[in-house]
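K.L.:
The structure that follows is given in the form of structure tokens.
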Amino acid sequence: MKKKTYWIFAILTISIISIAFGYTKLIHPKENLVAMDCAETANTTAESAFKPTIENKKKPANKAPQGMVWIPGGEFSMGSNVEDESLCSLKGVTKDAAPIHRVYVDGYYMDETEVTNEEYAKFVNATGYVTVAEQKPTKEEFPTAAEEDLIAGSVIFTPTPSAVNLNNFLQWWNYIPQTDWKHPLGPQSSIKGKEKYPVVHIAYEDAEAYAKWAGKRLPTEAEWEFAARGGKTGEIYAWGNVLKPKGKFQANIYQGHFPIKDGDTGEDGFKGIAPVKQYAPNSYGLYDVAGNVWEWTNDWYSVDYYKTLNESGKVAKNPQGPDAYNDPTDPSQIKRVHRGGSFLCTDQYCTRYMVGTRGKGEVRSAANHLGFRCVKSI
Ligand SMILES: [Ca+2]
Ligand SMILES: [Ca+2]
């Protein structure tokens, strides 16, 4: 990486990449890890912490808006058994999805897929909207940066030439000028022929602007998880408790040696990002809630939000997230919650495709594994 862009790269990447991988700061992962199937045998002994999901019975009289499905809402147990998440050989190193706590959400419609390039293009064509990644960073945002370093761009996953210690994500992320939703893999790339791929390099305000234009909104974290669980109780994945039922992957995640060049074997059918709807939907008809691209939610990220709700002793009714962000590992960064993991999640490093687990990202940061989907209240 050029030194010139290092400063902005570091600022923009640290929080977004820590979404998935921040906990590696806390541990010392083995080098040269090989692909493992350990998530397949994840511990379910604490499943009793989950109480049955009780779906609302009421259904709207009208048909769902095009491209959306009805999520009935109801009461459910939210969060993750920390014994089941994170690195398979190091259970429970991430604790922000605990404790499992009781939540109620009203019913709503949700986009059946991640928002696609085609859909985002309609919004941009109609409004002339310019995403954060397309905007030149300002002196106000980066007061110590030299003028020539203020270059619009975004962050791209860049495989390493050989095996690396997994404790430093800066090794496989690069800030690339002129990278944005229309140029997802750098200035020479395009989205031609990729209309059905999820839009990426989307900062929070870019997602929010689209949602408003579409007459929708971003889901709360609770709405996202209720929907992703598909009415089931306490399952590890959006499709059940086995990573590969009948030996078949159910989501676009990462297999092979992470993060090296040609390390992604694409055993699930895709090396890198996939068009939407390539895997079976969950029982509410939602595609790719696990993997493919991370999805913004509306909630501030606070490491202890679940603990606070749980300690209230009540069912949290339509929780809207904490009043303020709080990430003690990165206190200066303003973050909101991401959910679902991405095509880069692997049991060697990040198992956030597990349905109850959480991610987080700085609100003005984007990358080529981050998108969103919307909801709509009735
Ligand atoms: Ca894949
Ligand atoms: Ca997703």
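Every chain in the structure tokens takes a letter, A first, then B, and so on in the order presented; its residues are numbered from 1, and the ligands are numbered from 1 following the presented order.
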Can I get the residues close to ligand 2 as a list in words, where close means within 7 Å and we count only C-alpha atoms and all ligand atoms?

P.N.:
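After applying the 7 Å limit, what remains is Glu114, Asp288, Val289, Ala290, Gly291, Asn292, Val293, Trp294, Glu295, Gly340, Gly341 and Ser342 of chain A.
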
K.L.:
Next, dump the selected residues to file, keeping only C-alpha atoms, as a PDB file, in the first residue's frame.

P.N.:
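For reference, again01.pdb as written:
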```pdb
ATOM      1  CA  GLU A 114     -30.113  -7.502   0.044  1.00  0.00           C
ATOM      2  CA  ASP A 288     -28.921 -14.346   2.196  1.00  0.00           C
ATOM      3  CA  VAL A 289     -29.589 -13.195   5.741  1.00  0.00           C
ATOM      4  CA  ALA A 290     -26.474 -15.209   6.484  1.00  0.00           C
ATOM      5  CA  GLY A 291     -23.404 -14.296   4.487  1.00  0.00           C
ATOM      6  CA  ASN A 292     -22.965 -12.670   1.081  1.00  0.00           C
ATOM      7  CA  VAL A 293     -22.836  -9.086   2.411  1.00  0.00           C
ATOM      8  CA  TRP A 294     -23.113  -7.614   5.875  1.00  0.00           C
ATOM      9  CA  GLU A 295     -26.286  -5.591   6.407  1.00  0.00           C
ATOM     10  CA  GLY A 340     -25.362 -11.507   9.071  1.00  0.00           C
ATOM     11  CA  GLY A 341     -21.698 -11.789   8.156  1.00  0.00           C
ATOM     12  CA  SER A 342     -20.372 -11.868   4.601  1.00  0.00           C
TER      13      SER A 342
END
```

K.L.:
Once DSSP has gone over the backbone, tell me which residues of segment 41-195 of chain A are in helix (DSSP H, G or I), as a PyMOL selection string.

P.N.:
chain A and resi 41+47-49+117-127+132-134+147-149+169-171

K.L.:
Please dump the current selection as a short mmCIF file (atom, residue, chain, number, x, y, z; two decimals), in the first residue's frame; keep N, CA and C atoms.

P.N.:
```
data_model
loop_
_atom_site.label_atom_id
_atom_site.label_comp_id
_atom_site.auth_asym_id
_atom_site.auth_seq_id
_atom_site.Cartn_x
_atom_site.Cartn_y
_atom_site.Cartn_z
N THR A 41 -20.29 -28.85 14.54
CA THR A 41 -20.52 -29.55 15.80
C THR A 41 -20.60 -28.56 16.96
N GLU A 47 -28.78 -24.33 25.03
CA GLU A 47 -29.95 -23.96 24.23
C GLU A 47 -31.16 -23.62 25.10
N SER A 48 -31.19 -24.14 26.30
CA SER A 48 -32.32 -23.88 27.19
C SER A 48 -32.45 -22.40 27.52
N ALA A 49 -31.40 -21.62 27.29
CA ALA A 49 -31.49 -20.18 27.50
C ALA A 49 -32.49 -19.57 26.53
N ASN A 117 -27.59 -3.88 -6.94
CA ASN A 117 -27.05 -2.77 -7.75
C ASN A 117 -28.15 -2.15 -8.61
N GLU A 118 -28.98 -3.00 -9.17
CA GLU A 118 -30.06 -2.53 -10.03
C GLU A 118 -31.01 -1.62 -9.25
N GLU A 119 -31.34 -2.02 -8.05
CA GLU A 119 -32.24 -1.23 -7.22
C GLU A 119 -31.59 0.08 -6.79
N TYR A 120 -30.33 -0.01 -6.40
CA TYR A 120 -29.65 1.21 -5.95
C TYR A 120 -29.48 2.19 -7.11
N ALA A 121 -29.27 1.67 -8.30
CA ALA A 121 -29.12 2.52 -9.49
C ALA A 121 -30.41 3.31 -9.75
N LYS A 122 -31.54 2.69 -9.53
CA LYS A 122 -32.81 3.39 -9.72
C LYS A 122 -32.89 4.61 -8.79
N PHE A 123 -32.49 4.39 -7.57
CA PHE A 123 -32.48 5.47 -6.57
C PHE A 123 -31.53 6.60 -7.00
N VAL A 124 -30.33 6.24 -7.40
CA VAL A 124 -29.34 7.25 -7.78
C VAL A 124 -29.78 7.98 -9.04
N ASN A 125 -30.34 7.25 -9.99
CA ASN A 125 -30.82 7.89 -11.22
C ASN A 125 -31.95 8.88 -10.94
N ALA A 126 -32.79 8.52 -9.97
CA ALA A 126 -33.94 9.37 -9.65
C ALA A 126 -33.56 10.60 -8.83
N THR A 127 -32.48 10.49 -8.06
CA THR A 127 -32.20 11.55 -7.09
C THR A 127 -30.85 12.25 -7.30
N VAL A 132 -21.07 8.23 0.12
CA VAL A 132 -19.91 8.70 0.89
C VAL A 132 -18.60 8.33 0.19
N ALA A 133 -18.52 7.11 -0.34
CA ALA A 133 -17.27 6.66 -0.97
C ALA A 133 -16.93 7.47 -2.21
N GLU A 134 -17.93 8.11 -2.80
CA GLU A 134 -17.68 8.92 -4.00
C GLU A 134 -17.30 10.36 -3.66
N GLU A 147 -3.72 17.91 1.82
CA GLU A 147 -4.75 18.08 0.80
C GLU A 147 -4.69 16.96 -0.26
N GLU A 148 -3.47 16.60 -0.67
CA GLU A 148 -3.35 15.59 -1.74
C GLU A 148 -3.75 14.19 -1.28
N ASP A 149 -3.88 14.03 0.03
CA ASP A 149 -4.31 12.72 0.54
C ASP A 149 -5.82 12.59 0.66
N PHE A 169 -5.68 -7.37 10.64
CA PHE A 169 -6.51 -7.34 9.44
C PHE A 169 -6.02 -6.34 8.40
N LEU A 170 -5.13 -5.43 8.81
CA LEU A 170 -4.61 -4.47 7.83
C LEU A 170 -3.84 -5.17 6.71
N GLN A 171 -3.49 -6.41 6.94
CA GLN A 171 -2.76 -7.17 5.92
C GLN A 171 -3.62 -7.51 4.71
#
```

K.L.:
Kindly work out which residues sit at most 10 Å from ligand 1, using only C-alpha atoms and all ligand atoms, and give the list as a VMD selection string.

P.N.:
chain A and resid 249 251 to 256 264 to 274 291 to 292 342 to 346

K.L.:
Write a file of the just-selected residues containing N, CA and C atoms, as a PDB file, in the first residue's frame.

P.N.:
```
ATOM      1  N   PHE A 249     -23.714 -26.392   1.603  1.00  0.00           N
ATOM      2  CA  PHE A 249     -23.713 -25.056   2.194  1.00  0.00           C
ATOM      3  C   PHE A 249     -25.025 -24.337   1.915  1.00  0.00           C
ATOM      4  N   ALA A 251     -25.328 -20.879   2.511  1.00  0.00           N
ATOM      5  CA  ALA A 251     -25.079 -19.433   2.428  1.00  0.00           C
ATOM      6  C   ALA A 251     -23.728 -19.197   1.780  1.00  0.00           C
ATOM      7  N   ASN A 252     -23.556 -18.006   1.242  1.00  0.00           N
ATOM      8  CA  ASN A 252     -22.273 -17.654   0.641  1.00  0.00           C
ATOM      9  C   ASN A 252     -21.336 -17.127   1.718  1.00  0.00           C
ATOM     10  N   ILE A 253     -20.476 -18.017   2.202  1.00  0.00           N
ATOM     11  CA  ILE A 253     -19.457 -17.635   3.176  1.00  0.00           C
ATOM     12  C   ILE A 253     -18.091 -17.980   2.570  1.00  0.00           C
ATOM     13  N   TYR A 254     -17.101 -18.315   3.355  1.00  0.00           N
ATOM     14  CA  TYR A 254     -15.744 -18.511   2.828  1.00  0.00           C
ATOM     15  C   TYR A 254     -15.248 -19.881   3.244  1.00  0.00           C
ATOM     16  N   GLN A 255     -14.788 -20.645   2.267  1.00  0.00           N
ATOM     17  CA  GLN A 255     -14.117 -21.904   2.569  1.00  0.00           C
ATOM     18  C   GLN A 255     -12.675 -21.824   2.063  1.00  0.00           C
ATOM     19  N   GLY A 256     -11.830 -22.595   2.687  1.00  0.00           N
ATOM     20  CA  GLY A 256     -10.428 -22.600   2.275  1.00  0.00           C
ATOM     21  C   GLY A 256      -9.582 -21.782   3.223  1.00  0.00           C
ATOM     22  N   ASP A 264      -9.704 -18.972  -1.309  1.00  0.00           N
ATOM     23  CA  ASP A 264     -11.160 -19.200  -1.280  1.00  0.00           C
ATOM     24  C   ASP A 264     -11.501 -20.297  -2.276  1.00  0.00           C
ATOM     25  N   THR A 265     -11.898 -21.449  -1.770  1.00  0.00           N
ATOM     26  CA  THR A 265     -12.181 -22.581  -2.667  1.00  0.00           C
ATOM     27  C   THR A 265     -13.557 -22.490  -3.307  1.00  0.00           C
ATOM     28  N   GLY A 266     -14.413 -21.642  -2.763  1.00  0.00           N
ATOM     29  CA  GLY A 266     -15.748 -21.506  -3.341  1.00  0.00           C
ATOM     30  C   GLY A 266     -16.555 -22.796  -3.274  1.00  0.00           C
ATOM     31  N   GLU A 267     -16.321 -23.580  -2.259  1.00  0.00           N
ATOM     32  CA  GLU A 267     -17.051 -24.852  -2.114  1.00  0.00           C
ATOM     33  C   GLU A 267     -18.564 -24.623  -2.040  1.00  0.00           C
ATOM     34  N   ASP A 268     -18.951 -23.448  -1.560  1.00  0.00           N
ATOM     35  CA  ASP A 268     -20.383 -23.121  -1.486  1.00  0.00           C
ATOM     36  C   ASP A 268     -20.939 -22.628  -2.822  1.00  0.00           C
ATOM     37  N   GLY A 269     -20.109 -22.616  -3.852  1.00  0.00           N
ATOM     38  CA  GLY A 269     -20.570 -22.204  -5.182  1.00  0.00           C
ATOM     39  C   GLY A 269     -20.032 -20.856  -5.621  1.00  0.00           C
ATOM     40  N   PHE A 270     -19.482 -20.085  -4.680  1.00  0.00           N
ATOM     41  CA  PHE A 270     -19.031 -18.739  -5.036  1.00  0.00           C
ATOM     42  C   PHE A 270     -17.730 -18.376  -4.342  1.00  0.00           C
ATOM     43  N   LYS A 271     -16.771 -17.937  -5.141  1.00  0.00           N
ATOM     44  CA  LYS A 271     -15.567 -17.298  -4.591  1.00  0.00           C
ATOM     45  C   LYS A 271     -15.873 -15.811  -4.604  1.00  0.00           C
ATOM     46  N   GLY A 272     -15.946 -15.211  -3.450  1.00  0.00           N
ATOM     47  CA  GLY A 272     -16.316 -13.792  -3.400  1.00  0.00           C
ATOM     48  C   GLY A 272     -17.827 -13.623  -3.373  1.00  0.00           C
ATOM     49  N   ILE A 273     -18.241 -12.423  -3.740  1.00  0.00           N
ATOM     50  CA  ILE A 273     -19.658 -12.042  -3.645  1.00  0.00           C
ATOM     51  C   ILE A 273     -20.497 -12.844  -4.655  1.00  0.00           C
ATOM     52  N   ALA A 274     -21.770 -13.019  -4.328  1.00  0.00           N
ATOM     53  CA  ALA A 274     -22.679 -13.764  -5.220  1.00  0.00           C
ATOM     54  C   ALA A 274     -23.899 -12.904  -5.546  1.00  0.00           C
ATOM     55  N   GLY A 291     -24.429 -14.391   5.518  1.00  0.00           N
ATOM     56  CA  GLY A 291     -23.404 -14.296   4.487  1.00  0.00           C
ATOM     57  C   GLY A 291     -23.734 -13.368   3.335  1.00  0.00           C
ATOM     58  N   ASN A 292     -22.992 -13.530   2.276  1.00  0.00           N
ATOM     59  CA  ASN A 292     -22.965 -12.670   1.081  1.00  0.00           C
ATOM     60  C   ASN A 292     -22.480 -11.277   1.465  1.00  0.00           C
ATOM     61  N   SER A 342     -20.559 -12.089   6.038  1.00  0.00           N
ATOM     62  CA  SER A 342     -20.372 -11.868   4.601  1.00  0.00           C
ATOM     63  C   SER A 342     -19.700 -13.059   3.935  1.00  0.00           C
ATOM     64  N   PHE A 343     -19.427 -12.888   2.658  1.00  0.00           N
ATOM     65  CA  PHE A 343     -18.725 -13.931   1.893  1.00  0.00           C
ATOM     66  C   PHE A 343     -17.300 -14.139   2.389  1.00  0.00           C
ATOM     67  N   LEU A 344     -16.861 -13.311   3.315  1.00  0.00           N
ATOM     68  CA  LEU A 344     -15.517 -13.471   3.876  1.00  0.00           C
ATOM     69  C   LEU A 344     -15.527 -14.161   5.232  1.00  0.00           C
ATOM     70  N   CYS A 345     -16.692 -14.486   5.738  1.00  0.00           N
ATOM     71  CA  CYS A 345     -16.755 -15.126   7.054  1.00  0.00           C
ATOM     72  C   CYS A 345     -16.421 -16.607   6.955  1.00  0.00           C
ATOM     73  N   THR A 346     -15.570 -17.021   7.851  1.00  0.00           N
ATOM     74  CA  THR A 346     -15.051 -18.382   7.835  1.00  0.00           C
ATOM     75  C   THR A 346     -14.906 -18.885   9.258  1.00  0.00           C
TER      76      THR A 346
END
```

K.L.:
Choose the residue, out of A:Asp96, A:Ile176, A:Val200, A:Gly313, that has the smallest atom-to-atom separation from Lys360 of chain A; count only C-alpha atoms.

P.N.:
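Closest to Lys360 of chain A, using only C-alpha atoms: A:Asp96.
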